[in-house]
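Student: Input: one structure, supplied below.
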Amino acid sequence: LFRSKPFVFYKYVAIFTSNDTKYPKQAGAAQIARFESEGYESLKARHIDAWEKLWDAYFIEVQADLETQAAVLFNLYHNIIHTPTHALLPIGARGLSCQAYQGAAFWDQEIYNLPMYLYTNPEIARHILEYRYATLEGARKKAKDLGFRGAFYAWVSGDTGEELCPDFFFKDVISGRRIRNHFNDWQIHISPDIAYTVLKYLDVTGDMAFIADQGYEILADVCLFLKSRTHFNPEKQRYEFIRLLGPDEYHENVDNNVFTNYQAKYVIERTLALMEHLRGEKPGRVEVIHTAIGMTDQDLAVLKDMKTRLYVPKPDPHTKRIEQFDGYFKLEHRSPESLKADLKHPLEYWGWPNGVAVHTQVIKQADVIQLFVQHPDFGDDVLKANYAYYEPLTEHGSSLSPAMHAIVAARIDHLSEAEKYFEKACLIDLNNSNKAVSGGTFIGGIHTAAAGAVWQIIVFGLAGFKYEADTVYLSPKCLDNWKSYQFALSIRGHRVVCHIEPEQIHIESFGDESLQTTVSVSGETRLLTGNEKQTFLL
Ligand code: IFM
C-alpha cells in the first residue's frame, strides 16, 4: 500500500515577532490558517513571483565562469535577506547567520550595505536611514554620557540605538586579561558616516520631504556632536580631532585620522549649505529643529569656522601620499607577513594596546583607501601613490577591506589587483576565509558588509559609476576573464540597465516618456528618454 501511494506532507510556517505586532502568537496562528486555505501551490507561486521581483530590482549579472556568477548572486542574496524592510531594525553585521555582534549594525550598514539600495530601490535606503532617525535618542544619550553634545551614534547599534559595544571586546590570549578596546567611545567616524549617507540619499533622490522630516535633524545633531568633539589647536590655528580610531582598528588613540576628518568636514560643509536651502523651502523648520536639539548661534558660528579650518591632511606634494593619522609615517615599516613571525600565539589580537601591529605601519583594513571610495575626486596620481603604499601594509584582518581595494584598483586600471580583491571579497563566506576568532572573541558568521560591497565593486569599481549633478557617469572596464556584465539602476524612478562588454556598452532605459536620464560614458554625454537603447563604443 505504501509503495503504490505517495504521501505528500505540507508544512506551513509563519514568523511574527514583537517588532511586527503586540500579539505575535495570534498573528502567526491566523497567518497559518490563511496559508492552509490558500494551499501550497499558490503560496509557492507567490513566493517565486516575490523573488523574481527582487532579482529584477537588484539585477546584476556577470558573464564569466560559473563560480563567479554564483558568487556574485550569493552575495547579492545575502545583502537582500539581511536587510530588514518590515520594521525599523538594524542590518546585523553578521546578518541572520549567528549571534556574533548581537545582530547589531555598525558603519557597515550605511557604507557597505546601503549603497546598492540607494541606486536600485531608494525607498529601502530611506528605510535604513529612518532606523537611524528612530535611534537618535540612543545616539544623544551616548554623546551625553561621554560629556559631548549632539548625536554620537553607537558603534554597535541595536533596536534602541544605545551603545551595545562592550568596553572589553578582545582579550590578551596569553595572559587571559581583558583588553579595553575603544571602539565604543573613540571610533567617532560612525556619526559623520551616517550623515554622509543622508546627504548622498538626498543627492540621488532629491527627497527634501525626508530631509525636512528626519534627515536634517540627523545632520544637525551630528554636526553638534562634531563641534563638541573637536579641539582648536591654537598653535596651528586649526580644528582637529584627537584621540580617536579610524577604520583601521589596530591603531587606537590616534590624532587626525584622515578618513574621519574628511568625512566630518564634508558633512559640516554640506549641512550648512543645506540649512540655507531648507530655510528657503520650509521657513521655520530649521529653527524648530535647532531649538529642539539645542543648536545655538554660537554653535553655528563655530561650525562655520570649522568648515574652513578643520584640518584635513592633504597629499604630500612630492610623494602624493596621505598620512593616515598624525605620526603614522614615523612608525616602523613592516609587512603583515613579517609580523606573523612575531606572534606568540596564533589567535593573538594584532591591535591596541600591545598587539604586534601597534607600533608598525601594518593596518587592519582599508583606511586611506576607504577615503577614496567616499571621496572619489582625488586624482589618479594620488590614488596610485597611496594604493602602492598602503596595499602592501594592509592585513585585511577585516572582511570590509578587500572590496575597497578592488574598487580603487579598478579605478586606477590595476585590473589584476581588482580581480584578486574582487575574488577575495566574493569568496569570504563561500571559502570561509576570514578569522572566525580574534583575541578570544568569536567574530565569524556571514560577513554582510562584504556581501553588500560586491555590488559596489562591480558598479562603482569596474563600471566606474557615479551619480553627480543629475548625471550618470560611467567609465567601464572589463576583467580579462569576463565576457560582459550587466546591472540595473533606478535613477529618480527611471530604470537604466547597463550591459558592458570589453569594446562597447549598451544602455537601455525603461519608463514613460516623462523620464529622462543624462548618461556620460567616458566623456561622451547623451540623454535617454522613456524606453530606449543606446550604444557607446569604449
Ligand atoms: O565595522 C566593522 C569594523 O570596521 C571592523 N571590525 C568588524 C566590524 C563589523 O563588521
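Here's how to read the names in the C-alpha cells: chain A, B, ... by the order shown, residue numbers from 1 in each chain, ligand numbers from 1 in the order shown.
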Quick one: pick out all strand (DSSP E or B) residues within range 37-93 of chain A from a backbone DSSP run and write them as a PyMOL selection string.

Tutor: chain A and resi 60-63

Student: When the cut-off is 8 Å and you count only C-alpha atoms and all ligand atoms, which residues lie near ligand 1, shown as a list in words?

Tutor: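 These are the residues that qualify: Ala93, Arg94, Tyr101, Ala105, Phe106, Trp107, Asp108, Trp155, Pro247, Asp248, Glu249, Gln365, Ser398, Ser399, Leu400, Ile443, His447, Thr448 and Ala449 of chain A.
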
Student: Please produce an output containing N, CA, C and O atoms for each residue in the selection, written as an mmCIF file, in the first residue's frame.

Tutor:
data_model
loop_
_atom_site.group_PDB
_atom_site.id
_atom_site.type_symbol
_atom_site.label_atom_id
_atom_site.label_comp_id
_atom_site.auth_asym_id
_atom_site.auth_seq_id
_atom_site.Cartn_x
_atom_site.Cartn_y
_atom_site.Cartn_z
ATOM 1 N N ALA A 93 25.654 42.945 11.495
ATOM 2 C CA ALA A 93 26.935 42.783 10.799
ATOM 3 C C ALA A 93 27.195 41.321 10.429
ATOM 4 O O ALA A 93 28.027 41.042 9.567
ATOM 5 N N ARG A 94 26.495 40.403 11.067
ATOM 6 C CA ARG A 94 26.598 39.002 10.651
ATOM 7 C C ARG A 94 25.217 38.502 10.189
ATOM 8 O O ARG A 94 24.927 37.302 10.224
ATOM 9 N N TYR A 101 28.260 39.739 17.182
ATOM 10 C CA TYR A 101 27.908 41.162 17.060
ATOM 11 C C TYR A 101 26.425 41.430 17.345
ATOM 12 O O TYR A 101 25.874 42.438 16.915
ATOM 13 N N ALA A 105 23.945 46.764 14.093
ATOM 14 C CA ALA A 105 24.517 47.469 12.939
ATOM 15 C C ALA A 105 25.780 48.208 13.343
ATOM 16 O O ALA A 105 25.895 48.712 14.461
ATOM 17 N N PHE A 106 26.692 48.307 12.393
ATOM 18 C CA PHE A 106 27.908 49.117 12.511
ATOM 19 C C PHE A 106 27.855 50.154 11.379
ATOM 20 O O PHE A 106 26.853 50.259 10.693
ATOM 21 N N TRP A 107 28.967 50.847 11.141
ATOM 22 C CA TRP A 107 29.028 51.744 9.981
ATOM 23 C C TRP A 107 28.866 50.948 8.692
ATOM 24 O O TRP A 107 28.525 51.501 7.647
ATOM 25 N N ASP A 108 29.080 49.629 8.776
ATOM 26 C CA ASP A 108 28.900 48.736 7.630
ATOM 27 C C ASP A 108 27.558 49.011 6.951
ATOM 28 O O ASP A 108 27.440 48.959 5.725
ATOM 29 N N TRP A 155 28.569 52.561 18.099
ATOM 30 C CA TRP A 155 29.422 51.747 17.221
ATOM 31 C C TRP A 155 28.707 50.426 16.921
ATOM 32 O O TRP A 155 28.767 49.901 15.822
ATOM 33 N N PRO A 247 38.936 53.830 10.478
ATOM 34 C CA PRO A 247 38.508 52.480 10.093
ATOM 35 C C PRO A 247 39.543 51.415 10.476
ATOM 36 O O PRO A 247 39.184 50.303 10.860
ATOM 37 N N ASP A 248 40.847 51.741 10.354
ATOM 38 C CA ASP A 248 41.891 50.791 10.753
ATOM 39 C C ASP A 248 41.878 50.658 12.271
ATOM 40 O O ASP A 248 42.314 51.559 12.992
ATOM 41 N N GLU A 249 41.394 49.516 12.733
ATOM 42 C CA GLU A 249 41.160 49.377 14.178
ATOM 43 C C GLU A 249 42.388 48.951 14.975
ATOM 44 O O GLU A 249 42.312 48.846 16.201
ATOM 45 N N GLN A 365 42.752 47.264 7.943
ATOM 46 C CA GLN A 365 41.808 47.336 6.817
ATOM 47 C C GLN A 365 41.940 48.663 6.092
ATOM 48 O O GLN A 365 42.603 49.581 6.585
ATOM 49 N N SER A 398 39.976 42.625 8.472
ATOM 50 C CA SER A 398 38.522 42.825 8.459
ATOM 51 C C SER A 398 38.005 42.451 7.080
ATOM 52 O O SER A 398 38.627 42.752 6.049
ATOM 53 N N SER A 399 36.821 41.837 7.080
ATOM 54 C CA SER A 399 36.204 41.413 5.812
ATOM 55 C C SER A 399 35.785 42.618 4.966
ATOM 56 O O SER A 399 35.403 42.483 3.822
ATOM 57 N N LEU A 400 35.845 43.824 5.558
ATOM 58 C CA LEU A 400 35.435 45.015 4.814
ATOM 59 C C LEU A 400 36.504 45.446 3.807
ATOM 60 O O LEU A 400 36.211 46.163 2.848
ATOM 61 N N ILE A 443 34.066 36.076 15.955
ATOM 62 C CA ILE A 443 33.595 37.135 15.048
ATOM 63 C C ILE A 443 33.216 36.528 13.700
ATOM 64 O O ILE A 443 33.204 37.210 12.673
ATOM 65 N N HIS A 447 29.466 37.513 6.543
ATOM 66 C CA HIS A 447 30.008 38.885 6.587
ATOM 67 C C HIS A 447 29.166 39.779 5.684
ATOM 68 O O HIS A 447 29.420 39.897 4.477
ATOM 69 N N THR A 448 28.192 40.396 6.291
ATOM 70 C CA THR A 448 27.185 41.092 5.475
ATOM 71 C C THR A 448 27.747 42.319 4.767
ATOM 72 O O THR A 448 27.290 42.671 3.675
ATOM 73 N N ALA A 449 28.733 42.978 5.375
ATOM 74 C CA ALA A 449 29.302 44.163 4.714
ATOM 75 C C ALA A 449 29.963 43.751 3.403
ATOM 76 O O ALA A 449 29.781 44.403 2.361
#

Student: Rank A:His345, A:Arg132, A:Arg334, A:Lys384 by their smallest atom-to-atom distance to Ile363 in chain A, using only C-alpha atoms, and report the top residue only.

Tutor: A:Arg334

Student: Residues within 8 Å of range 372-380 of chain A, please, as a PyMOL selection string. Count only C-alpha atoms; anything in the same chain fewer than 3 positions from it doesn't count.

Tutor: chain A and resi 368-369+383-384+404+407-408+411-412

Student: Any chance you can output those residues with N, CA and C atoms as a PDB file, in the first residue's frame?

Tutor:
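Below is the file result.pdb, written as the result:
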ATOM      1  N   VAL A 368      42.930  54.938   4.304  1.00  0.00           N
ATOM      2  CA  VAL A 368      43.096  55.958   3.248  1.00  0.00           C
ATOM      3  C   VAL A 368      42.422  55.446   1.961  1.00  0.00           C
ATOM      4  N   ILE A 369      42.525  54.157   1.701  1.00  0.00           N
ATOM      5  CA  ILE A 369      41.883  53.572   0.510  1.00  0.00           C
ATOM      6  C   ILE A 369      40.356  53.721   0.620  1.00  0.00           C
ATOM      7  N   LEU A 383      45.662  58.393  -6.050  1.00  0.00           N
ATOM      8  CA  LEU A 383      45.173  57.030  -5.798  1.00  0.00           C
ATOM      9  C   LEU A 383      46.291  56.010  -6.022  1.00  0.00           C
ATOM     10  N   LYS A 384      47.014  56.203  -7.121  1.00  0.00           N
ATOM     11  CA  LYS A 384      48.078  55.232  -7.449  1.00  0.00           C
ATOM     12  C   LYS A 384      49.158  55.230  -6.372  1.00  0.00           C
ATOM     13  N   MET A 404      37.086  47.316  -0.879  1.00  0.00           N
ATOM     14  CA  MET A 404      37.509  48.700  -1.109  1.00  0.00           C
ATOM     15  C   MET A 404      38.790  48.735  -1.956  1.00  0.00           C
ATOM     16  N   ILE A 407      37.746  48.176  -5.577  1.00  0.00           N
ATOM     17  CA  ILE A 407      37.149  49.360  -6.211  1.00  0.00           C
ATOM     18  C   ILE A 407      38.243  50.342  -6.649  1.00  0.00           C
ATOM     19  N   VAL A 408      39.164  50.614  -5.727  1.00  0.00           N
ATOM     20  CA  VAL A 408      40.206  51.601  -6.043  1.00  0.00           C
ATOM     21  C   VAL A 408      41.159  51.040  -7.109  1.00  0.00           C
ATOM     22  N   ARG A 411      39.646  51.495 -10.437  1.00  0.00           N
ATOM     23  CA  ARG A 411      39.662  52.897 -10.895  1.00  0.00           C
ATOM     24  C   ARG A 411      41.006  53.283 -11.490  1.00  0.00           C
ATOM     25  N   ILE A 412      42.086  52.725 -10.928  1.00  0.00           N
ATOM     26  CA  ILE A 412      43.405  53.120 -11.445  1.00  0.00           C
ATOM     27  C   ILE A 412      43.942  52.085 -12.432  1.00  0.00           C
TER      28      ILE A 412
END

Student: Just checking: using only C-alpha atoms, which residue out of A:Gln26, A:Ser520, A:Asn481, A:Asn79 ends up closest to Ala14 in chain A?

Tutor: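 Under the stated criterion, the closest residue is A:Gln26.
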
Student: Between A:Phe210, A:Tyr112, A:Tyr58, A:Tyr117, which is the closest to Tyr77 in chain A once you count only C-alpha atoms?

Tutor: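 Among the listed residues, A:Tyr58 lies closest to Tyr77 in chain A.
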
Student: Check the smallest atom-to-atom distance from each of A:Tyr250, A:Ala71, A:Ala488, A:Lys466 to Gly397 in chain A using only C-alpha atoms, then report the winner.

Tutor: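 For Gly397 in chain A, the nearest of the candidates is A:Tyr250.
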
Student: Tell me, as a ChimeraX atom specification, which residues lie within 8 Å of range 218-222 of chain A, counting only C-alpha atoms; anything in the same chain fewer than 3 positions away does not count.

Tutor: /A:132-133,136,150-152,191-192,195,198,214-215,225-226,267,271,290,293,295

Student: Can you write just those residues out, N, CA and C atoms, as a PDB file, in the first residue's frame?

Tutor:
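Just written: result_28.pdb:
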ATOM      1  N   ARG A 132      17.973  55.046  11.609  1.00  0.00           N
ATOM      2  CA  ARG A 132      18.929  55.918  12.304  1.00  0.00           C
ATOM      3  C   ARG A 132      18.196  57.096  12.945  1.00  0.00           C
ATOM      4  N   TYR A 133      17.126  57.544  12.290  1.00  0.00           N
ATOM      5  CA  TYR A 133      16.353  58.636  12.902  1.00  0.00           C
ATOM      6  C   TYR A 133      15.672  58.116  14.169  1.00  0.00           C
ATOM      7  N   LEU A 136      17.936  58.053  17.182  1.00  0.00           N
ATOM      8  CA  LEU A 136      18.670  59.276  17.552  1.00  0.00           C
ATOM      9  C   LEU A 136      18.805  59.451  19.072  1.00  0.00           C
ATOM     10  N   GLY A 150      24.942  66.659  21.035  1.00  0.00           N
ATOM     11  CA  GLY A 150      24.532  66.158  19.729  1.00  0.00           C
ATOM     12  C   GLY A 150      24.390  64.647  19.687  1.00  0.00           C
ATOM     13  N   ALA A 151      24.607  64.067  18.499  1.00  0.00           N
ATOM     14  CA  ALA A 151      24.361  62.630  18.290  1.00  0.00           C
ATOM     15  C   ALA A 151      25.660  61.904  17.971  1.00  0.00           C
ATOM     16  N   PHE A 152      26.073  61.071  18.915  1.00  0.00           N
ATOM     17  CA  PHE A 152      27.232  60.204  18.699  1.00  0.00           C
ATOM     18  C   PHE A 152      26.646  58.796  18.556  1.00  0.00           C
ATOM     19  N   SER A 191      29.349  58.593  13.217  1.00  0.00           N
ATOM     20  CA  SER A 191      28.350  59.672  13.111  1.00  0.00           C
ATOM     21  C   SER A 191      28.428  60.393  11.763  1.00  0.00           C
ATOM     22  N   PRO A 192      29.612  60.909  11.365  1.00  0.00           N
ATOM     23  CA  PRO A 192      29.639  61.511  10.027  1.00  0.00           C
ATOM     24  C   PRO A 192      29.359  60.516   8.902  1.00  0.00           C
ATOM     25  N   ALA A 195      25.657  60.618   8.549  1.00  0.00           N
ATOM     26  CA  ALA A 195      25.257  61.914   7.981  1.00  0.00           C
ATOM     27  C   ALA A 195      25.640  61.998   6.504  1.00  0.00           C
ATOM     28  N   VAL A 198      23.039  60.292   4.543  1.00  0.00           N
ATOM     29  CA  VAL A 198      21.809  61.087   4.409  1.00  0.00           C
ATOM     30  C   VAL A 198      21.980  62.061   3.233  1.00  0.00           C
ATOM     31  N   GLN A 214      13.157  64.271   8.826  1.00  0.00           N
ATOM     32  CA  GLN A 214      14.087  63.488   9.641  1.00  0.00           C
ATOM     33  C   GLN A 214      15.554  63.784   9.343  1.00  0.00           C
ATOM     34  N   GLY A 215      15.879  63.885   8.047  1.00  0.00           N
ATOM     35  CA  GLY A 215      17.290  63.940   7.632  1.00  0.00           C
ATOM     36  C   GLY A 215      18.034  65.122   8.220  1.00  0.00           C
ATOM     37  N   PHE A 225      27.520  67.253  17.524  1.00  0.00           N
ATOM     38  CA  PHE A 225      28.465  66.328  18.160  1.00  0.00           C
ATOM     39  C   PHE A 225      29.896  66.637  17.698  1.00  0.00           C
ATOM     40  N   LEU A 226      30.075  66.815  16.379  1.00  0.00           N
ATOM     41  CA  LEU A 226      31.424  67.054  15.855  1.00  0.00           C
ATOM     42  C   LEU A 226      31.997  68.350  16.435  1.00  0.00           C
ATOM     43  N   VAL A 267      30.564  66.689   5.879  1.00  0.00           N
ATOM     44  CA  VAL A 267      29.228  66.759   6.486  1.00  0.00           C
ATOM     45  C   VAL A 267      28.936  68.179   6.982  1.00  0.00           C
ATOM     46  N   THR A 271      26.029  70.364   5.359  1.00  0.00           N
ATOM     47  CA  THR A 271      24.878  70.619   6.237  1.00  0.00           C
ATOM     48  C   THR A 271      24.605  72.116   6.310  1.00  0.00           C
ATOM     49  N   HIS A 290      16.630  73.276  15.416  1.00  0.00           N
ATOM     50  CA  HIS A 290      17.749  73.809  16.219  1.00  0.00           C
ATOM     51  C   HIS A 290      17.345  74.003  17.681  1.00  0.00           C
ATOM     52  N   ILE A 293      17.162  70.571  19.422  1.00  0.00           N
ATOM     53  CA  ILE A 293      18.423  69.874  19.734  1.00  0.00           C
ATOM     54  C   ILE A 293      19.404  70.769  20.498  1.00  0.00           C
ATOM     55  N   MET A 295      20.879  73.655  19.350  1.00  0.00           N
ATOM     56  CA  MET A 295      21.917  74.279  18.496  1.00  0.00           C
ATOM     57  C   MET A 295      21.788  75.793  18.606  1.00  0.00           C
TER      58      MET A 295
END

Student: Calculated over only C-alpha atoms, which of the candidates A:Ile60, A:Val13, A:Pro392, A:Glu130 has the smallest distance to Ala33 in chain A?

Tutor: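 Among the listed residues, A:Val13 lies closest to Ala33 in chain A.
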
Student: If we count only C-alpha atoms, what is near range 423-430 of chain A at a cut-off of 7 Å, once residues fewer than 5 positions away on the same chain are taken out, given as a ChimeraX atom specification?

Tutor: /A:71-72,75,402-403,446-447,450,454

Student: Which residue out of A:Arg492, A:Tyr266, A:Ile194, A:Ala385 has the minimum interatomic distance to Asp207 in chain A when only C-alpha atoms are used?

Tutor: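 For Asp207 in chain A, the nearest of the candidates is A:Arg492.
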